[in-house]
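Heads up: the structure comes next, in structure tokens.
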There are 2 protein chains.
Amino acid sequence: MAKPVNQHKRSNSVTRIQRKNINLILDAALETFSSHGYNGTTLDEISIKSGLSKPNILYYFKSKKDIHVTLLNNLLDNWLKPLKELNSDGDPVSEITNYVQKKLDMAHEFPRESRLFAMEILQGANHMKNFIESDLKILVEQKSNVINDWVVQGLIAKVDPLHLIFSIWATTQHYSDFEEQIKLISGRQSFNPDHRASKHLKEMYTRLLRL
Amino acid sequence: MAKPVNQHKRSNSVTRIQRKNINLILDAALETFSSHGYNGTTLDEISIKSGLSKPNILYYFKSKKDIHVTLLNNLLDNWLKPLKELNSDGDPVSEITNYVQKKLDMAHEFPRESRLFAMEILQGANHMKNFIESDLKILVEQKSNVINDWVVQGLIAKVDPLHLIFSIWATTQHYSDFEEQIKLISGRQSFNPDHRASKHLKEMYTRLLRL
DNA sequence: TACTGATTTTACCAATTGGTCAAAGAAAAT
DNA sequence: ATTTTCTTTGACCAATTGGTAAAATCAGTA
């Protein structure tokens, strides 16, 4: 005769067991959502991977979608962080190449999250429209202005800030999102893709921005 | 007492009706596979979109997977074409910026195919490992050599050919694969993304390659 | 130790989904 | 016109899947 636990974290206390199991579930879910997509993931799979029974999972999350949305929400802060750190007072070129490096590090450190994000956008961004249209859009506009000021002040070459940002996103995410293709083509052992990618991208954006 | 039609195109003749219906099915399937993924697509959806009943669809294709594989296979030739056309005798910088332009045109002209491809790679490239490891890999190696020769001959700046190719793929595909995000951020009407993307990318790769 | 609330399990369901089958209906060929 | 071959449909099914209900078990605490 249990009353379901607070499924929306309204409660004040989160027990040790809750924290542990919620983490188990989210980790298992991230693993499968990011490699088979939302529809390709079953609760049974999450159940097996997390070691918790299916009804037990639904004791912590009210639905499959709820798990997915939670995962997506957990991403957002980390997603904004590197761009947030772009500093208008710093040296323009190194501010931007540092941004590239941070994005590349994130793609390398959180490939599952990166794929989850990519998959969500690819499929229409249904659960993230709100985030993109508000937080992300505002931040991008703000930083576009910073970049544009640099252009106007003659500190970097004339670039379209928006397209600069888009191409940074594209190039840095590519390495985690298209990992499979890259591994197959470059022959897994022959080199360390990340290291050379970093050099390549730094070079590319430096050359693009230098006067 | 019908005997199922040649489901593997072994037969010599393809009737007018067959051609029409196969196209209807493939078009409907491409639409849904590319926007909801393989698992997010149901035969019923394809059935509705194509106007053919579900058993009728399975009269032309022996399974859902068969439709998907057919779609993927139809992509491959077009996928290789732009890179194939990279000519070792041409002017290096314009050969490469032309390649960029062709890839961008393809992403623009075939966004559904582009997303289908992206989704397949993201989810582990199960149906395309063979293509990637053989045809694509060989072509990439060949063209990497061409680019490397240009570097050695001092015709372009020193770049890692593989990473150059990867970043071209990344930047050009980004515009169709992440279309939703781009639309939401750039505010659909404010500019024509494709036109400016083309300028931006041409500029970027020219600056990267120029001595 | 006994109580109380939190956690987990067992048994189950209704809906969806990929796929089958045999018969009915068109087209083409004779 | 009739036979033969190709095409389409209606009825159906077994497996999967997200989710529920209630009982059973466990943990913490008075």
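Ordered as shown in the structure tokens, chains take letters A, B, and onward, while each chain numbers its residues from 1 and ligands are numbered from 1 in the order shown.
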Go through chain B residue by residue and, counting only C-alpha atoms, keep those with an atom at most 7 Å from chain A; for each kept residue give the shortest atom pair and its distance in Å to one decimal, ordered by chain and increasing number, as a Markdown table.
| residue | atom | partner | partner_atom | distance |
| --- | --- | --- | --- | --- |
| B:Ser35 | CA | A:Gln123 | CA | 5.2 |
| B:His36 | CA | A:Gln123 | CA | 5.6 |
| B:Asn39 | CA | A:Gly40 | CA | 5.2 |
| B:Gly40 | CA | A:Asn39 | CA | 5.2 |
| B:Arg115 | CA | A:Leu122 | CA | 6.8 |
| B:Ile121 | CA | A:Phe178 | CA | 6.1 |
| B:Leu122 | CA | A:Asp177 | CA | 5.7 |
| B:Gln123 | CA | A:Ser35 | CA | 5.2 |
| B:Gly124 | CA | A:Glu180 | CA | 6.0 |
| B:Ala125 | CA | A:Glu180 | CA | 6.8 |
| B:Ile132 | CA | A:Leu184 | CA | 6.8 |
| B:Glu133 | CA | A:Leu184 | CA | 5.9 |
| B:Lys137 | CA | A:Ile185 | CA | 5.2 |
| B:His163 | CA | A:Ala197 | CA | 6.5 |
| B:Ser167 | CA | A:Thr171 | CA | 5.6 |
| B:Ala170 | CA | A:Ala170 | CA | 5.3 |
| B:Thr171 | CA | A:Ala170 | CA | 5.3 |
| B:His174 | CA | A:Ala170 | CA | 5.7 |
| B:Asp177 | CA | A:Leu122 | CA | 5.8 |
| B:Phe178 | CA | A:Leu122 | CA | 5.9 |
| B:Glu180 | CA | A:Gly124 | CA | 6.0 |
| B:Gln181 | CA | A:Ile121 | CA | 6.5 |
| B:Leu184 | CA | A:Glu133 | CA | 5.9 |
| B:Ile185 | CA | A:Lys137 | CA | 5.2 |
| B:Ala197 | CA | A:His163 | CA | 6.4 |
| B:His200 | CA | A:His163 | CA | 6.7 |
| B:Met204 | CA | A:Leu208 | CA | 5.5 |
| B:Arg207 | CA | A:Leu208 | CA | 5.8 |
| B:Leu208 | CA | A:Met204 | CA | 5.5 |
Should the cut-off be 9 Å, what would the residue list for chain D against chain B look like, counting only C-alpha atoms (C1' of nucleotides), as a ChimeraX atom specification? /D:5-9
Within 10 Å of chain A, which residues of chain C show up when using only C-alpha atoms (C1' of nucleotides), listed as a PDB file with all heavy atoms, in the first residue's frame?
ATOM      1  P    DG C   5       2.827   6.459   7.766  1.00  0.00           P
ATOM      2  OP1  DG C   5       2.175   7.716   8.183  1.00  0.00           O
ATOM      3  OP2  DG C   5       2.029   5.316   7.265  1.00  0.00           O
ATOM      4  O5'  DG C   5       3.933   6.805   6.680  1.00  0.00           O
ATOM      5  C5'  DG C   5       5.198   7.314   7.088  1.00  0.00           C
ATOM      6  C4'  DG C   5       6.267   6.757   6.182  1.00  0.00           C
ATOM      7  O4'  DG C   5       6.392   5.332   6.377  1.00  0.00           O
ATOM      8  C3'  DG C   5       5.965   6.953   4.684  1.00  0.00           C
ATOM      9  O3'  DG C   5       7.173   7.406   4.065  1.00  0.00           O
ATOM     10  C2'  DG C   5       5.586   5.562   4.204  1.00  0.00           C
ATOM     11  C1'  DG C   5       6.445   4.700   5.106  1.00  0.00           C
ATOM     12  N9   DG C   5       5.995   3.319   5.277  1.00  0.00           N
ATOM     13  C8   DG C   5       4.731   2.865   5.565  1.00  0.00           C
ATOM     14  N7   DG C   5       4.670   1.552   5.647  1.00  0.00           N
ATOM     15  C5   DG C   5       5.971   1.131   5.400  1.00  0.00           C
ATOM     16  C6   DG C   5       6.508  -0.180   5.357  1.00  0.00           C
ATOM     17  O6   DG C   5       5.952  -1.259   5.535  1.00  0.00           O
ATOM     18  N1   DG C   5       7.876  -0.150   5.063  1.00  0.00           N
ATOM     19  C2   DG C   5       8.609   0.994   4.845  1.00  0.00           C
ATOM     20  N2   DG C   5       9.902   0.821   4.578  1.00  0.00           N
ATOM     21  N3   DG C   5       8.115   2.211   4.890  1.00  0.00           N
ATOM     22  C4   DG C   5       6.790   2.206   5.169  1.00  0.00           C
ATOM     23  P    DA C   6       7.166   7.841   2.535  1.00  0.00           P
ATOM     24  OP1  DA C   6       7.684   9.222   2.479  1.00  0.00           O
ATOM     25  OP2  DA C   6       5.885   7.486   1.908  1.00  0.00           O
ATOM     26  O5'  DA C   6       8.296   6.880   1.950  1.00  0.00           O
ATOM     27  C5'  DA C   6       9.544   6.822   2.628  1.00  0.00           C
ATOM     28  C4'  DA C   6      10.368   5.681   2.052  1.00  0.00           C
ATOM     29  O4'  DA C   6       9.754   4.417   2.391  1.00  0.00           O
ATOM     30  C3'  DA C   6      10.505   5.698   0.541  1.00  0.00           C
ATOM     31  O3'  DA C   6      11.869   5.371   0.247  1.00  0.00           O
ATOM     32  C2'  DA C   6       9.549   4.619   0.052  1.00  0.00           C
ATOM     33  C1'  DA C   6       9.573   3.640   1.213  1.00  0.00           C
ATOM     34  N9   DA C   6       8.329   2.898   1.429  1.00  0.00           N
ATOM     35  C8   DA C   6       7.075   3.410   1.621  1.00  0.00           C
ATOM     36  N7   DA C   6       6.143   2.491   1.821  1.00  0.00           N
ATOM     37  C5   DA C   6       6.838   1.300   1.754  1.00  0.00           C
ATOM     38  C6   DA C   6       6.436  -0.046   1.873  1.00  0.00           C
ATOM     39  N6   DA C   6       5.162  -0.416   2.120  1.00  0.00           N
ATOM     40  N1   DA C   6       7.383  -0.997   1.749  1.00  0.00           N
ATOM     41  C2   DA C   6       8.645  -0.619   1.516  1.00  0.00           C
ATOM     42  N3   DA C   6       9.150   0.612   1.386  1.00  0.00           N
ATOM     43  C4   DA C   6       8.188   1.531   1.518  1.00  0.00           C
ATOM     44  P    DT C   7      12.340   5.366  -1.281  1.00  0.00           P
ATOM     45  OP1  DT C   7      13.784   5.660  -1.272  1.00  0.00           O
ATOM     46  OP2  DT C   7      11.414   6.152  -2.116  1.00  0.00           O
ATOM     47  O5'  DT C   7      12.171   3.826  -1.655  1.00  0.00           O
ATOM     48  C5'  DT C   7      12.983   2.881  -0.991  1.00  0.00           C
ATOM     49  C4'  DT C   7      12.656   1.481  -1.475  1.00  0.00           C
ATOM     50  O4'  DT C   7      11.291   1.150  -1.147  1.00  0.00           O
ATOM     51  C3'  DT C   7      12.796   1.248  -2.975  1.00  0.00           C
ATOM     52  O3'  DT C   7      13.822   0.280  -3.128  1.00  0.00           O
ATOM     53  C2'  DT C   7      11.430   0.737  -3.429  1.00  0.00           C
ATOM     54  C1'  DT C   7      10.838   0.231  -2.127  1.00  0.00           C
ATOM     55  N1   DT C   7       9.351   0.209  -1.988  1.00  0.00           N
ATOM     56  C2   DT C   7       8.717  -1.008  -1.801  1.00  0.00           C
ATOM     57  O2   DT C   7       9.302  -2.076  -1.786  1.00  0.00           O
ATOM     58  N3   DT C   7       7.354  -0.929  -1.647  1.00  0.00           N
ATOM     59  C4   DT C   7       6.582   0.222  -1.649  1.00  0.00           C
ATOM     60  O4   DT C   7       5.362   0.156  -1.488  1.00  0.00           O
ATOM     61  C5   DT C   7       7.301   1.456  -1.834  1.00  0.00           C
ATOM     62  C7   DT C   7       6.561   2.755  -1.861  1.00  0.00           C
ATOM     63  C6   DT C   7       8.637   1.392  -2.000  1.00  0.00           C
ATOM     64  P    DT C   8      14.314  -0.160  -4.573  1.00  0.00           P
ATOM     65  OP1  DT C   8      15.719  -0.615  -4.412  1.00  0.00           O
ATOM     66  OP2  DT C   8      13.975   0.868  -5.568  1.00  0.00           O
ATOM     67  O5'  DT C   8      13.432  -1.459  -4.834  1.00  0.00           O
ATOM     68  C5'  DT C   8      13.549  -2.553  -3.946  1.00  0.00           C
ATOM     69  C4'  DT C   8      12.568  -3.638  -4.337  1.00  0.00           C
ATOM     70  O4'  DT C   8      11.222  -3.202  -4.047  1.00  0.00           O
ATOM     71  C3'  DT C   8      12.579  -3.999  -5.828  1.00  0.00           C
ATOM     72  O3'  DT C   8      13.024  -5.340  -5.940  1.00  0.00           O
ATOM     73  C2'  DT C   8      11.134  -3.808  -6.289  1.00  0.00           C
ATOM     74  C1'  DT C   8      10.360  -3.825  -4.978  1.00  0.00           C
ATOM     75  N1   DT C   8       9.092  -3.038  -4.962  1.00  0.00           N
ATOM     76  C2   DT C   8       7.912  -3.667  -4.613  1.00  0.00           C
ATOM     77  O2   DT C   8       7.839  -4.842  -4.322  1.00  0.00           O
ATOM     78  N3   DT C   8       6.808  -2.848  -4.611  1.00  0.00           N
ATOM     79  C4   DT C   8       6.776  -1.500  -4.917  1.00  0.00           C
ATOM     80  O4   DT C   8       5.722  -0.873  -4.878  1.00  0.00           O
ATOM     81  C5   DT C   8       8.044  -0.912  -5.272  1.00  0.00           C
ATOM     82  C7   DT C   8       8.117   0.542  -5.622  1.00  0.00           C
ATOM     83  C6   DT C   8       9.127  -1.694  -5.279  1.00  0.00           C
ATOM     84  P    DT C   9      13.143  -6.069  -7.349  1.00  0.00           P
ATOM     85  OP1  DT C   9      14.273  -7.003  -7.292  1.00  0.00           O
ATOM     86  OP2  DT C   9      13.072  -5.070  -8.416  1.00  0.00           O
ATOM     87  O5'  DT C   9      11.787  -6.910  -7.329  1.00  0.00           O
ATOM     88  C5'  DT C   9      11.481  -7.679  -6.176  1.00  0.00           C
ATOM     89  C4'  DT C   9      10.119  -8.334  -6.320  1.00  0.00           C
ATOM     90  O4'  DT C   9       9.068  -7.359  -6.148  1.00  0.00           O
ATOM     91  C3'  DT C   9       9.877  -8.991  -7.677  1.00  0.00           C
ATOM     92  O3'  DT C   9       9.469 -10.331  -7.461  1.00  0.00           O
ATOM     93  C2'  DT C   9       8.775  -8.169  -8.317  1.00  0.00           C
ATOM     94  C1'  DT C   9       8.056  -7.583  -7.104  1.00  0.00           C
ATOM     95  N1   DT C   9       7.433  -6.258  -7.375  1.00  0.00           N
ATOM     96  C2   DT C   9       6.105  -6.061  -7.052  1.00  0.00           C
ATOM     97  O2   DT C   9       5.401  -6.914  -6.560  1.00  0.00           O
ATOM     98  N3   DT C   9       5.633  -4.807  -7.324  1.00  0.00           N
ATOM     99  C4   DT C   9       6.338  -3.754  -7.876  1.00  0.00           C
ATOM    100  O4   DT C   9       5.812  -2.666  -8.067  1.00  0.00           O
ATOM    101  C5   DT C   9       7.717  -4.033  -8.192  1.00  0.00           C
ATOM    102  C7   DT C   9       8.584  -2.969  -8.795  1.00  0.00           C
ATOM    103  C6   DT C   9       8.203  -5.256  -7.929  1.00  0.00           C
TER     104       DT C   9
END
Backbone DSSP call of helix (DSSP H, G or I) for region 36-109 of chain B, listed as number ranges by chain: B: 36, 43-50, 54-60, 64-84, 92-109
Considering only C-alpha atoms (C1' of nucleotides), return as a ChimeraX atom specification whatever protein or nucleic-acid residues lie within 12 Å of DA15 (chain D), sequence-local ones (same chain, fewer than 6 positions apart) excluded. /C:16-19
